[in-house]
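These notes concern the structure reproduced below.
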Amino acid sequence: MATEQNNINLKPYNSFGVSQIAERLVEFTSYDDLHAALTADPTILAGSWRVLGGGNNTLFISDYHGTLIHPVSKGITVSAERGDDVVIRVEAGEEWDDVVAWAVSHGLWGIENLSLIPGQAGAAPVQNIGAYGTEVKDTIESVEMLCTATLNRLVLGGEYCSFGYRESIFKQSLAGKVIITAINLRLSRKPAPRLDYGALRAEVEKLGEPSLENIRQAVIAIRESKLPDPKVLGNGGSFFKNPIVEPEVAKKLLATYPDMPHYPAEGDKTKLSSGWLIEQAGWKGKRVGNVGVHDRQALVLVNHGGATGGEVIEFAQQIVAEVEQKFGVTIVPEINIVG
Ligand code: EPU
């Protein structure tokens with residue numbers, strides 16, 4: 001049954017560890033449970049509301065005057081098998097990394113490169129999580145949701161989710177209109193290792209053959225060496241997106257900085273590395289009060305303890321301004337800023 005709490009401190013509900021208060025938090029254990037709660041109590045959706053997944057990609061900059069809807073639904077089942085393809089249905093409240101561990105232990109390929117990404121499964125399609133040359137969009141068969149206007153169940157095929165780099169329809173036209181309740185992932189029994197990103201191949205080779213288990217362990221080792229554990233040091237993963245720039249902008253910058261990391265992006269555009277830009281602007285490891293830039297990955301802002309969302313934003317704005325001044329490139333947050 002859905003549970004409700006009032007005036008709760010969000011500290012345990014956001015990986016940045018900021019202490020804002022939410023007026024109301026409603027937790028649901030299944031689609032039916034959510035549907036019943038919304039039908040019984042129309043006030044839940046009457047005022048401001050938003051879905052809060054694992055709180056790994058959310059920065060609260062003030063108290064939240066409204067209702068946060070939080071999935072705690074669990075379950076991973078096989079929903080279809082077609083030749084080598086196996087579709088699994090995952091409840092929105094599952095921890096994403098438990099889903100990856102489940103797929104790896106069942107010999108299913110497709111999401112092993114996405115090991116150890118913090119957050120809930122229901123949030124994975126929203127920002128199209130990605131790492132080490134893989135994005136979740138490549139495996140999304142469909143997304144199940146509740147339409148808040150009609151209280152009907154909707155199922156949207158992956159091809160209709162307008163996925164892009166850290167983008168989807170759920171951040172655009174469906175934002176604030178649906179509540180994701182489950183995702184269906186199309187995985188494969190056929191081995192398909194993807195080892196071309198950065199140091200992944202070398203890390204896998206240290207462990208042996210490119211098996212599912214070895215790829216998962218290699219990704220975990222790389223992530224643990226670079227990214228701070230939110231349980232130890234509050235953070236929301238990459239704070240900024242990597243900027244995608246016009247070819248002439250990239251060309252001009254490369255003439256001055258020939259070693260600048262750059263990758264082909266959509267059309268003839270070029271994706272730059274925010275981590276590199278921030279490091280070159282002199283911010284890596286820098287700390288102002290309770291907020292800092294992580295010393296091993298400049299794309300990650302950290303809460304050294306007691307930081308407010310407002311302090312984080314102010315700090316982030318200084319970084320944006322200096323990167324803009326030095327490189328003429330505007331970096332934008334990847335994280336959802338709420339308040
Ligand atoms: N770099 C620096 N300094 C830094 C950080 C990075 O020079 O402080 C350089 C690296 O040397 C490398 C390049 O930037 O040449 C790319 O770095 P990295 O492979 O660490 O990846 P990233 O582009 O910084 C993205 C994702 C991460 C994901 C990694 C690995 C975004 C916003 N971030 O980071 O995702 O884990 O690739 O695939 O796209 C997240 O979204 O929260 C996240 C952690």
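Chain identifiers are assigned as A, B, and so on, following the order in which chains appear in the structure tokens; residues are numbered from 1 within each chain, and ligands are numbered from 1 in order of appearance.
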Shell of 8 Å around ligand 1 (only C-alpha atoms and all ligand atoms), written as a short mmCIF file (atom, residue, chain, number, x, y, z; two decimals) with C-alpha atoms, in the first residue's frame:
data_model
loop_
_atom_site.label_atom_id
_atom_site.label_comp_id
_atom_site.auth_asym_id
_atom_site.auth_seq_id
_atom_site.Cartn_x
_atom_site.Cartn_y
_atom_site.Cartn_z
CA ASN A 57 20.54 13.33 -10.22
CA ILE A 117 25.57 3.84 -12.05
CA ILE A 129 21.97 7.02 -18.60
CA GLY A 130 25.23 6.27 -20.33
CA ALA A 131 28.78 5.22 -19.65
CA TYR A 132 31.74 3.54 -21.37
CA GLY A 133 30.30 3.70 -24.89
CA THR A 134 26.80 2.46 -23.99
CA TYR A 165 22.56 12.39 -25.13
CA ARG A 166 21.23 12.54 -21.52
CA TYR A 197 35.82 3.45 -24.56
CA GLY A 198 38.95 4.83 -22.89
CA ARG A 223 34.27 4.03 -11.68
CA LYS A 226 37.45 8.10 -10.42
CA LEU A 227 34.02 8.75 -9.01
CA GLY A 236 25.22 13.76 -7.99
CA GLY A 237 27.55 12.16 -10.53
CA SER A 238 28.38 14.36 -13.49
CA PHE A 239 27.11 17.81 -12.59
CA PHE A 240 27.40 19.12 -16.16
CA LYS A 241 26.71 17.63 -19.57
CA ASN A 242 29.56 17.43 -22.02
CA MET A 260 41.83 18.57 -25.98
CA PRO A 261 39.61 15.43 -25.79
CA HIS A 262 36.90 15.55 -28.47
CA LEU A 272 33.94 18.20 -25.80
CA SER A 273 34.77 17.06 -22.29
CA SER A 274 33.44 19.27 -19.50
CA GLY A 275 35.79 17.53 -17.06
CA TRP A 276 38.77 18.59 -19.15
CA LEU A 277 37.49 22.16 -19.63
CA ILE A 278 36.89 22.54 -15.87
CA GLU A 279 40.29 21.08 -15.03
CA GLN A 280 42.05 23.41 -17.51
CA LYS A 284 39.83 20.46 -10.28
CA HIS A 294 36.20 16.27 -7.03
CA ASP A 295 39.95 15.82 -7.20
CA ARG A 296 39.83 12.82 -9.58
CA GLN A 297 36.97 13.83 -11.93
CA ALA A 298 36.34 17.54 -12.46
CA LEU A 299 32.83 16.91 -13.81
CA VAL A 300 31.66 15.95 -10.33
CA GLU A 334 23.14 17.62 -16.36
#
Output as an mmCIF file with all heavy atoms, in the first residue's frame all residues of segment 28-196 of chain A that backbone DSSP marks as helix (DSSP H, G or I).
data_model
loop_
_atom_site.group_PDB
_atom_site.id
_atom_site.type_symbol
_atom_site.label_atom_id
_atom_site.label_comp_id
_atom_site.auth_asym_id
_atom_site.auth_seq_id
_atom_site.Cartn_x
_atom_site.Cartn_y
_atom_site.Cartn_z
ATOM 1 N N TYR A 31 2.270 -0.367 -9.879
ATOM 2 C CA TYR A 31 1.377 0.491 -10.671
ATOM 3 C C TYR A 31 -0.003 0.567 -10.007
ATOM 4 O O TYR A 31 -0.565 1.648 -9.836
ATOM 5 C CB TYR A 31 1.232 -0.064 -12.108
ATOM 6 C CG TYR A 31 0.236 0.717 -12.913
ATOM 7 C CD1 TYR A 31 0.616 1.824 -13.648
ATOM 8 C CD2 TYR A 31 -1.120 0.387 -12.873
ATOM 9 C CE1 TYR A 31 -0.309 2.582 -14.341
ATOM 10 C CE2 TYR A 31 -2.059 1.141 -13.562
ATOM 11 C CZ TYR A 31 -1.631 2.232 -14.297
ATOM 12 O OH TYR A 31 -2.562 2.985 -14.977
ATOM 13 N N ASP A 32 -0.544 -0.618 -9.626
ATOM 14 C CA ASP A 32 -1.896 -0.654 -9.044
ATOM 15 C C ASP A 32 -1.957 0.146 -7.752
ATOM 16 O O ASP A 32 -2.945 0.830 -7.478
ATOM 17 C CB ASP A 32 -2.328 -2.112 -8.792
ATOM 18 C CG ASP A 32 -2.593 -2.836 -10.109
ATOM 19 O OD1 ASP A 32 -2.793 -2.150 -11.130
ATOM 20 O OD2 ASP A 32 -2.558 -4.080 -10.114
ATOM 21 N N ASP A 33 -0.884 0.036 -6.982
ATOM 22 C CA ASP A 33 -0.803 0.757 -5.712
ATOM 23 C C ASP A 33 -0.825 2.275 -5.965
ATOM 24 O O ASP A 33 -1.559 3.035 -5.320
ATOM 25 C CB ASP A 33 0.511 0.336 -5.034
ATOM 26 C CG ASP A 33 0.670 0.907 -3.643
ATOM 27 O OD1 ASP A 33 -0.350 1.007 -2.930
ATOM 28 O OD2 ASP A 33 1.805 1.251 -3.281
ATOM 29 N N LEU A 34 -0.040 2.704 -6.964
ATOM 30 C CA LEU A 34 0.019 4.127 -7.305
ATOM 31 C C LEU A 34 -1.354 4.601 -7.792
ATOM 32 O O LEU A 34 -1.864 5.648 -7.371
ATOM 33 C CB LEU A 34 1.077 4.349 -8.395
ATOM 34 C CG LEU A 34 1.174 5.762 -8.958
ATOM 35 C CD1 LEU A 34 1.647 6.748 -7.899
ATOM 36 C CD2 LEU A 34 2.138 5.803 -10.155
ATOM 37 N N HIS A 35 -1.946 3.803 -8.684
ATOM 38 C CA HIS A 35 -3.246 4.145 -9.246
ATOM 39 C C HIS A 35 -4.279 4.293 -8.128
ATOM 40 O O HIS A 35 -5.043 5.276 -8.094
ATOM 41 C CB HIS A 35 -3.678 3.071 -10.252
ATOM 42 C CG HIS A 35 -4.919 3.426 -10.985
ATOM 43 N ND1 HIS A 35 -6.177 3.056 -10.533
ATOM 44 C CD2 HIS A 35 -5.114 4.160 -12.099
ATOM 45 C CE1 HIS A 35 -7.083 3.542 -11.358
ATOM 46 N NE2 HIS A 35 -6.476 4.208 -12.318
ATOM 47 N N ALA A 36 -4.274 3.355 -7.203
ATOM 48 C CA ALA A 36 -5.250 3.392 -6.101
ATOM 49 C C ALA A 36 -5.027 4.638 -5.231
ATOM 50 O O ALA A 36 -5.988 5.319 -4.846
ATOM 51 C CB ALA A 36 -5.121 2.125 -5.258
ATOM 52 N N ALA A 37 -3.760 4.952 -4.967
ATOM 53 C CA ALA A 37 -3.466 6.111 -4.101
ATOM 54 C C ALA A 37 -3.913 7.408 -4.770
ATOM 55 O O ALA A 37 -4.505 8.278 -4.127
ATOM 56 C CB ALA A 37 -1.967 6.154 -3.792
ATOM 57 N N LEU A 38 -3.663 7.545 -6.080
ATOM 58 C CA LEU A 38 -4.018 8.782 -6.787
ATOM 59 C C LEU A 38 -5.534 8.916 -6.943
ATOM 60 O O LEU A 38 -6.075 10.020 -6.948
ATOM 61 C CB LEU A 38 -3.337 8.831 -8.162
ATOM 62 C CG LEU A 38 -1.798 8.828 -8.149
ATOM 63 C CD1 LEU A 38 -1.255 8.843 -9.574
ATOM 64 C CD2 LEU A 38 -1.236 10.010 -7.366
ATOM 65 N N THR A 39 -6.212 7.781 -7.085
ATOM 66 C CA THR A 39 -7.673 7.803 -7.210
ATOM 67 C C THR A 39 -8.308 8.179 -5.869
ATOM 68 O O THR A 39 -9.241 8.987 -5.805
ATOM 69 C CB THR A 39 -8.189 6.407 -7.664
ATOM 70 O OG1 THR A 39 -7.455 6.029 -8.821
ATOM 71 C CG2 THR A 39 -9.666 6.431 -7.993
ATOM 72 N N ALA A 40 -7.766 7.599 -4.803
ATOM 73 C CA ALA A 40 -8.349 7.830 -3.469
ATOM 74 C C ALA A 40 -8.088 9.250 -2.975
ATOM 75 O O ALA A 40 -8.891 9.818 -2.240
ATOM 76 C CB ALA A 40 -7.771 6.815 -2.479
ATOM 77 N N THR A 43 -5.754 15.092 -4.033
ATOM 78 C CA THR A 43 -4.898 16.218 -3.652
ATOM 79 C C THR A 43 -3.423 15.940 -3.975
ATOM 80 O O THR A 43 -2.620 16.865 -4.068
ATOM 81 C CB THR A 43 -5.011 16.569 -2.148
ATOM 82 O OG1 THR A 43 -4.447 15.511 -1.380
ATOM 83 C CG2 THR A 43 -6.445 16.819 -1.721
ATOM 84 N N ILE A 44 -3.076 14.652 -4.157
ATOM 85 C CA ILE A 44 -1.660 14.335 -4.426
ATOM 86 C C ILE A 44 -1.177 15.051 -5.694
ATOM 87 O O ILE A 44 -0.093 15.633 -5.727
ATOM 88 C CB ILE A 44 -1.433 12.801 -4.541
ATOM 89 C CG1 ILE A 44 -1.740 12.120 -3.204
ATOM 90 C CG2 ILE A 44 -0.003 12.486 -4.999
ATOM 91 C CD1 ILE A 44 -1.665 10.592 -3.239
ATOM 92 N N LEU A 45 -2.030 15.013 -6.729
ATOM 93 C CA LEU A 45 -1.613 15.626 -7.998
ATOM 94 C C LEU A 45 -2.169 17.049 -8.176
ATOM 95 O O LEU A 45 -1.873 17.697 -9.180
ATOM 96 C CB LEU A 45 -2.071 14.757 -9.181
ATOM 97 C CG LEU A 45 -1.461 13.354 -9.266
ATOM 98 C CD1 LEU A 45 -2.054 12.599 -10.451
ATOM 99 C CD2 LEU A 45 0.057 13.422 -9.404
ATOM 100 N N ALA A 46 -2.938 17.505 -7.201
ATOM 101 C CA ALA A 46 -3.598 18.802 -7.383
ATOM 102 C C ALA A 46 -2.612 19.969 -7.288
ATOM 103 O O ALA A 46 -2.719 20.951 -8.016
ATOM 104 C CB ALA A 46 -4.717 18.966 -6.361
ATOM 105 N N TRP A 96 19.229 0.498 -10.025
ATOM 106 C CA TRP A 96 19.755 0.205 -11.363
ATOM 107 C C TRP A 96 20.871 -0.843 -11.319
ATOM 108 O O TRP A 96 20.883 -1.786 -12.102
ATOM 109 C CB TRP A 96 20.260 1.479 -12.060
ATOM 110 C CG TRP A 96 20.948 1.126 -13.335
ATOM 111 C CD1 TRP A 96 22.292 1.072 -13.564
ATOM 112 C CD2 TRP A 96 20.314 0.658 -14.535
ATOM 113 N NE1 TRP A 96 22.539 0.622 -14.833
ATOM 114 C CE2 TRP A 96 21.339 0.353 -15.451
ATOM 115 C CE3 TRP A 96 18.991 0.468 -14.916
ATOM 116 C CZ2 TRP A 96 21.083 -0.126 -16.721
ATOM 117 C CZ3 TRP A 96 18.722 -0.015 -16.198
ATOM 118 C CH2 TRP A 96 19.759 -0.301 -17.079
ATOM 119 N N ASP A 97 21.786 -0.696 -10.371
ATOM 120 C CA ASP A 97 22.914 -1.628 -10.396
ATOM 121 C C ASP A 97 22.495 -3.061 -10.029
ATOM 122 O O ASP A 97 23.149 -4.013 -10.451
ATOM 123 C CB ASP A 97 24.045 -1.144 -9.481
ATOM 124 C CG ASP A 97 25.330 -1.921 -9.759
ATOM 125 O OD1 ASP A 97 25.715 -1.999 -10.958
ATOM 126 O OD2 ASP A 97 25.921 -2.483 -8.821
ATOM 127 N N ASP A 98 21.394 -3.221 -9.285
ATOM 128 C CA ASP A 98 20.884 -4.576 -9.026
ATOM 129 C C ASP A 98 20.378 -5.190 -10.333
ATOM 130 O O ASP A 98 20.462 -6.400 -10.538
ATOM 131 C CB ASP A 98 19.736 -4.539 -8.001
ATOM 132 C CG ASP A 98 20.230 -4.164 -6.607
ATOM 133 O OD1 ASP A 98 21.463 -4.186 -6.381
ATOM 134 O OD2 ASP A 98 19.386 -3.830 -5.748
ATOM 135 N N VAL A 99 19.852 -4.342 -11.213
ATOM 136 C CA VAL A 99 19.362 -4.822 -12.513
ATOM 137 C C VAL A 99 20.558 -5.310 -13.353
ATOM 138 O O VAL A 99 20.518 -6.381 -13.969
ATOM 139 C CB VAL A 99 18.596 -3.712 -13.273
ATOM 140 C CG1 VAL A 99 18.033 -4.242 -14.583
ATOM 141 C CG2 VAL A 99 17.505 -3.111 -12.405
ATOM 142 N N VAL A 100 21.635 -4.512 -13.339
ATOM 143 C CA VAL A 100 22.830 -4.917 -14.109
ATOM 144 C C VAL A 100 23.380 -6.230 -13.537
ATOM 145 O O VAL A 100 23.693 -7.163 -14.294
ATOM 146 C CB VAL A 100 23.924 -3.820 -14.077
ATOM 147 C CG1 VAL A 100 25.154 -4.271 -14.871
ATOM 148 C CG2 VAL A 100 23.390 -2.500 -14.635
ATOM 149 N N ALA A 101 23.459 -6.328 -12.214
ATOM 150 C CA ALA A 101 23.984 -7.554 -11.588
ATOM 151 C C ALA A 101 23.103 -8.750 -11.972
ATOM 152 O O ALA A 101 23.608 -9.834 -12.282
ATOM 153 C CB ALA A 101 24.025 -7.381 -10.070
ATOM 154 N N TRP A 102 21.784 -8.546 -12.001
ATOM 155 C CA TRP A 102 20.834 -9.612 -12.361
ATOM 156 C C TRP A 102 21.089 -10.061 -13.814
ATOM 157 O O TRP A 102 21.178 -11.254 -14.095
ATOM 158 C CB TRP A 102 19.408 -9.082 -12.191
ATOM 159 C CG TRP A 102 18.313 -10.102 -12.297
ATOM 160 C CD1 TRP A 102 17.677 -10.728 -11.273
ATOM 161 C CD2 TRP A 102 17.705 -10.604 -13.510
ATOM 162 N NE1 TRP A 102 16.721 -11.587 -11.752
ATOM 163 C CE2 TRP A 102 16.717 -11.534 -13.124
ATOM 164 C CE3 TRP A 102 17.898 -10.372 -14.867
ATOM 165 C CZ2 TRP A 102 15.924 -12.221 -14.041
ATOM 166 C CZ3 TRP A 102 17.115 -11.063 -15.792
ATOM 167 C CH2 TRP A 102 16.142 -11.966 -15.380
ATOM 168 N N ALA A 103 21.215 -9.067 -14.717
ATOM 169 C CA ALA A 103 21.425 -9.391 -16.138
ATOM 170 C C ALA A 103 22.737 -10.166 -16.310
ATOM 171 O O ALA A 103 22.786 -11.187 -17.013
ATOM 172 C CB ALA A 103 21.445 -8.107 -16.970
ATOM 173 N N VAL A 104 23.783 -9.715 -15.651
ATOM 174 C CA VAL A 104 25.088 -10.374 -15.780
ATOM 175 C C VAL A 104 25.004 -11.803 -15.230
ATOM 176 O O VAL A 104 25.479 -12.756 -15.858
ATOM 177 C CB VAL A 104 26.188 -9.534 -15.065
ATOM 178 C CG1 VAL A 104 27.476 -10.316 -14.882
ATOM 179 C CG2 VAL A 104 26.451 -8.245 -15.863
ATOM 180 N N SER A 105 24.352 -11.981 -14.101
ATOM 181 C CA SER A 105 24.289 -13.329 -13.511
ATOM 182 C C SER A 105 23.396 -14.255 -14.337
ATOM 183 O O SER A 105 23.505 -15.470 -14.233
ATOM 184 C CB SER A 105 23.826 -13.269 -12.052
ATOM 185 O OG SER A 105 22.466 -12.928 -12.024
ATOM 186 N N GLU A 112 25.944 -4.263 -19.275
ATOM 187 C CA GLU A 112 27.105 -4.485 -18.388
ATOM 188 C C GLU A 112 28.005 -3.245 -18.281
ATOM 189 O O GLU A 112 28.582 -2.981 -17.222
ATOM 190 C CB GLU A 112 27.902 -5.728 -18.825
ATOM 191 C CG GLU A 112 28.448 -5.713 -20.261
ATOM 192 C CD GLU A 112 27.393 -5.986 -21.336
ATOM 193 O OE1 GLU A 112 26.240 -6.305 -20.992
ATOM 194 O OE2 GLU A 112 27.733 -5.853 -22.532
ATOM 195 N N ASN A 113 28.100 -2.454 -19.374
ATOM 196 C CA ASN A 113 28.946 -1.247 -19.306
ATOM 197 C C ASN A 113 28.329 -0.179 -18.395
ATOM 198 O O ASN A 113 28.992 0.795 -18.053
ATOM 199 C CB ASN A 113 29.135 -0.641 -20.707
ATOM 200 C CG ASN A 113 30.015 -1.494 -21.603
ATOM 201 O OD1 ASN A 113 30.066 -2.713 -21.453
ATOM 202 N ND2 ASN A 113 30.714 -0.875 -22.533
ATOM 203 N N LEU A 114 27.060 -0.365 -18.050
ATOM 204 C CA LEU A 114 26.360 0.614 -17.199
ATOM 205 C C LEU A 114 26.386 0.189 -15.731
ATOM 206 O O LEU A 114 25.555 0.628 -14.929
ATOM 207 C CB LEU A 114 24.923 0.807 -17.688
ATOM 208 C CG LEU A 114 24.777 1.181 -19.169
ATOM 209 C CD1 LEU A 114 23.309 1.345 -19.544
ATOM 210 C CD2 LEU A 114 25.542 2.483 -19.471
ATOM 211 N N ALA A 121 15.915 2.185 -11.465
ATOM 212 C CA ALA A 121 15.651 1.762 -12.839
ATOM 213 C C ALA A 121 14.682 2.709 -13.544
ATOM 214 O O ALA A 121 14.852 3.023 -14.725
ATOM 215 C CB ALA A 121 15.100 0.345 -12.840
ATOM 216 N N GLY A 122 13.677 3.201 -12.833
ATOM 217 C CA GLY A 122 12.673 4.070 -13.458
ATOM 218 C C GLY A 122 13.262 5.372 -13.963
ATOM 219 O O GLY A 122 12.720 6.015 -14.862
ATOM 220 N N ALA A 123 14.393 5.776 -13.394
ATOM 221 C CA ALA A 123 15.026 7.033 -13.809
ATOM 222 C C ALA A 123 15.944 6.823 -15.019
ATOM 223 O O ALA A 123 16.310 7.795 -15.691
ATOM 224 C CB ALA A 123 15.836 7.613 -12.656
ATOM 225 N N VAL A 136 21.519 3.576 -22.251
ATOM 226 C CA VAL A 136 20.425 2.655 -21.957
ATOM 227 C C VAL A 136 19.418 2.615 -23.101
ATOM 228 O O VAL A 136 18.737 1.611 -23.308
ATOM 229 C CB VAL A 136 19.757 2.989 -20.596
ATOM 230 C CG1 VAL A 136 18.820 4.170 -20.682
ATOM 231 C CG2 VAL A 136 19.033 1.768 -20.043
ATOM 232 N N LYS A 137 19.326 3.678 -23.898
ATOM 233 C CA LYS A 137 18.361 3.723 -25.003
ATOM 234 C C LYS A 137 18.505 2.529 -25.953
ATOM 235 O O LYS A 137 17.525 2.094 -26.544
ATOM 236 C CB LYS A 137 18.483 5.033 -25.789
ATOM 237 C CG LYS A 137 19.707 5.133 -26.673
ATOM 238 C CD LYS A 137 19.643 6.399 -27.523
ATOM 239 C CE LYS A 137 20.921 6.664 -28.289
ATOM 240 N NZ LYS A 137 21.348 5.623 -29.229
ATOM 241 N N ASP A 138 19.730 2.023 -26.084
ATOM 242 C CA ASP A 138 19.960 0.912 -27.010
ATOM 243 C C ASP A 138 19.268 -0.369 -26.561
ATOM 244 O O ASP A 138 19.168 -1.322 -27.345
ATOM 245 C CB ASP A 138 21.464 0.666 -27.180
ATOM 246 C CG ASP A 138 22.173 1.916 -27.691
ATOM 247 O OD1 ASP A 138 21.522 2.698 -28.419
ATOM 248 O OD2 ASP A 138 23.354 2.124 -27.333
ATOM 249 N N THR A 139 18.832 -0.426 -25.314
ATOM 250 C CA THR A 139 18.179 -1.645 -24.819
ATOM 251 C C THR A 139 16.726 -1.415 -24.410
ATOM 252 O O THR A 139 16.054 -2.353 -24.006
ATOM 253 C CB THR A 139 18.929 -2.202 -23.582
ATOM 254 O OG1 THR A 139 18.898 -1.209 -22.549
ATOM 255 C CG2 THR A 139 20.357 -2.572 -23.894
ATOM 256 N N GLY A 158 10.369 2.156 -27.077
ATOM 257 C CA GLY A 158 11.643 2.871 -26.994
ATOM 258 C C GLY A 158 11.868 3.823 -28.157
ATOM 259 O O GLY A 158 12.425 4.910 -27.995
ATOM 260 N N GLU A 159 11.364 3.412 -29.353
ATOM 261 C CA GLU A 159 11.592 4.243 -30.542
ATOM 262 C C GLU A 159 10.838 5.568 -30.486
ATOM 263 O O GLU A 159 11.106 6.486 -31.259
ATOM 264 C CB GLU A 159 11.263 3.452 -31.827
ATOM 265 C CG GLU A 159 9.805 3.074 -32.020
ATOM 266 C CD GLU A 159 9.389 1.762 -31.329
ATOM 267 O OE1 GLU A 159 9.893 1.448 -30.230
ATOM 268 O OE2 GLU A 159 8.521 1.065 -31.884
ATOM 269 N N TYR A 160 9.866 5.679 -29.564
ATOM 270 C CA TYR A 160 9.083 6.914 -29.457
ATOM 271 C C TYR A 160 9.530 7.784 -28.280
ATOM 272 O O TYR A 160 8.865 8.760 -27.944
ATOM 273 C CB TYR A 160 7.589 6.596 -29.318
ATOM 274 C CG TYR A 160 7.062 5.808 -30.490
ATOM 275 C CD1 TYR A 160 6.688 4.473 -30.338
ATOM 276 C CD2 TYR A 160 6.978 6.379 -31.752
ATOM 277 C CE1 TYR A 160 6.234 3.732 -31.410
ATOM 278 C CE2 TYR A 160 6.529 5.649 -32.835
ATOM 279 C CZ TYR A 160 6.161 4.325 -32.658
ATOM 280 O OH TYR A 160 5.732 3.607 -33.731
#
Test item: residues at most 9 Å from segment 12-15 of chain A, only C-alpha atoms, excluding those fewer than 5 positions along its chain, as a ChimeraX atom specification = /A:52-60,230-231,233-237
Those residues you just picked out, can you put them in a file as a PDB file, in the first residue's frame with N, CA and C atoms?
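Result went into selection-v1.pdb, see below:
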ATOM      1  N   LEU A  52      10.490  11.510  -7.525  1.00  0.00           N
ATOM      2  CA  LEU A  52      11.864  11.453  -7.013  1.00  0.00           C
ATOM      3  C   LEU A  52      12.291   9.996  -7.066  1.00  0.00           C
ATOM      4  N   GLY A  53      13.292   9.703  -7.901  1.00  0.00           N
ATOM      5  CA  GLY A  53      13.812   8.328  -7.955  1.00  0.00           C
ATOM      6  C   GLY A  53      14.800   8.139  -6.817  1.00  0.00           C
ATOM      7  N   GLY A  54      16.016   7.752  -7.155  1.00  0.00           N
ATOM      8  CA  GLY A  54      17.034   7.574  -6.115  1.00  0.00           C
ATOM      9  C   GLY A  54      17.594   8.904  -5.620  1.00  0.00           C
ATOM     10  N   GLY A  55      17.188  10.004  -6.246  1.00  0.00           N
ATOM     11  CA  GLY A  55      17.720  11.310  -5.844  1.00  0.00           C
ATOM     12  C   GLY A  55      19.194  11.453  -6.186  1.00  0.00           C
ATOM     13  N   ASN A  56      19.633  10.701  -7.199  1.00  0.00           N
ATOM     14  CA  ASN A  56      21.051  10.729  -7.572  1.00  0.00           C
ATOM     15  C   ASN A  56      21.361  11.784  -8.602  1.00  0.00           C
ATOM     16  N   ASN A  57      20.307  12.366  -9.152  1.00  0.00           N
ATOM     17  CA  ASN A  57      20.539  13.327 -10.220  1.00  0.00           C
ATOM     18  C   ASN A  57      19.743  14.593  -9.933  1.00  0.00           C
ATOM     19  N   THR A  58      19.475  14.817  -8.655  1.00  0.00           N
ATOM     20  CA  THR A  58      18.611  15.930  -8.261  1.00  0.00           C
ATOM     21  C   THR A  58      19.298  16.765  -7.200  1.00  0.00           C
ATOM     22  N   LEU A  59      19.273  18.066  -7.426  1.00  0.00           N
ATOM     23  CA  LEU A  59      19.803  18.985  -6.407  1.00  0.00           C
ATOM     24  C   LEU A  59      18.653  19.875  -5.938  1.00  0.00           C
ATOM     25  N   PHE A  60      18.302  19.743  -4.663  1.00  0.00           N
ATOM     26  CA  PHE A  60      17.248  20.601  -4.092  1.00  0.00           C
ATOM     27  C   PHE A  60      17.896  21.891  -3.632  1.00  0.00           C
ATOM     28  N   PRO A 230      28.735   8.310  -3.300  1.00  0.00           N
ATOM     29  CA  PRO A 230      27.850   9.295  -2.660  1.00  0.00           C
ATOM     30  C   PRO A 230      27.583   8.999  -1.184  1.00  0.00           C
ATOM     31  N   LYS A 231      27.763   7.716  -0.785  1.00  0.00           N
ATOM     32  CA  LYS A 231      27.525   7.395   0.635  1.00  0.00           C
ATOM     33  C   LYS A 231      28.643   7.970   1.504  1.00  0.00           C
ATOM     34  N   LEU A 233      30.889  10.709   0.186  1.00  0.00           N
ATOM     35  CA  LEU A 233      31.040  12.125  -0.152  1.00  0.00           C
ATOM     36  C   LEU A 233      29.857  12.507  -1.045  1.00  0.00           C
ATOM     37  N   GLY A 234      28.969  13.349  -0.524  1.00  0.00           N
ATOM     38  CA  GLY A 234      27.758  13.691  -1.267  1.00  0.00           C
ATOM     39  C   GLY A 234      28.056  14.221  -2.661  1.00  0.00           C
ATOM     40  N   ASN A 235      27.382  13.693  -3.671  1.00  0.00           N
ATOM     41  CA  ASN A 235      27.558  14.191  -5.047  1.00  0.00           C
ATOM     42  C   ASN A 235      26.436  13.634  -5.912  1.00  0.00           C
ATOM     43  N   GLY A 236      26.286  14.204  -7.086  1.00  0.00           N
ATOM     44  CA  GLY A 236      25.220  13.759  -7.986  1.00  0.00           C
ATOM     45  C   GLY A 236      25.770  13.247  -9.297  1.00  0.00           C
ATOM     46  N   GLY A 237      26.937  12.607  -9.276  1.00  0.00           N
ATOM     47  CA  GLY A 237      27.553  12.156 -10.534  1.00  0.00           C
ATOM     48  C   GLY A 237      27.982  13.375 -11.343  1.00  0.00           C
TER      49      GLY A 237
END
Return the single residue from A:Pro210, A:Gly289, A:Gly339, A:Gly164 that is closest to Pro191 of chain A, with distances computed using only C-alpha atoms.
-> A:Pro210
Secondary structure check, strand (DSSP E) residues of segment 119-270 of chain A, as a ChimeraX atom specification | /A:130-131,134-135,140-147,153-157,178-188,234-238,244-245,262-264,270
Show which residues sit within 8 Å of segment 172-177 of chain A, as a VMD selection string. Count only C-alpha atoms, and ignore same-chain residues fewer than 3 positions away.
-> chain A and resid 49 to 50 147 to 149 168 to 169
Between atom CA of Asn7 of chain A and atom CA of Thr150 of chain A, measure the distance and give it in Å to one decimal.
-> 28.2 Å
What lies within 9 Å of Glu27 of chain A using only C-alpha atoms, ignoring chain neighbours under 5 positions off, as a PyMOL selection string?
-> chain A and resi 1-5+34+68-73
Do a neighbour search on Arg82 of chain A at 12 Å with only C-alpha atoms, toss out local chain neighbours closer than 6 positions, and write the hits as a PyMOL selection string.
-> chain A and resi 88+186-189
Skip Pro193 of chain A itself and residues of its chain fewer than 6 positions away, then list as a list in words all residues within 12 Å of it, counting only C-alpha atoms.
->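 My reading of the contact set: Leu108, Trp109, Gly110, Ile111, Glu112, Asn113, Tyr132, Gly133, Thr134, Leu200, Arg201, Val204, Glu209, Pro210, Ser211, Leu212, Glu213, Asn214, Ile215 and Arg216 of chain A.
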Could you tell me which of A:Gly310, A:Pro42, A:Gly47, A:Pro264 comes closest to Ile61 of chain A if we count only C-alpha atoms?
->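 That would be A:Gly310, the residue with the smallest distance to Ile61 of chain A.
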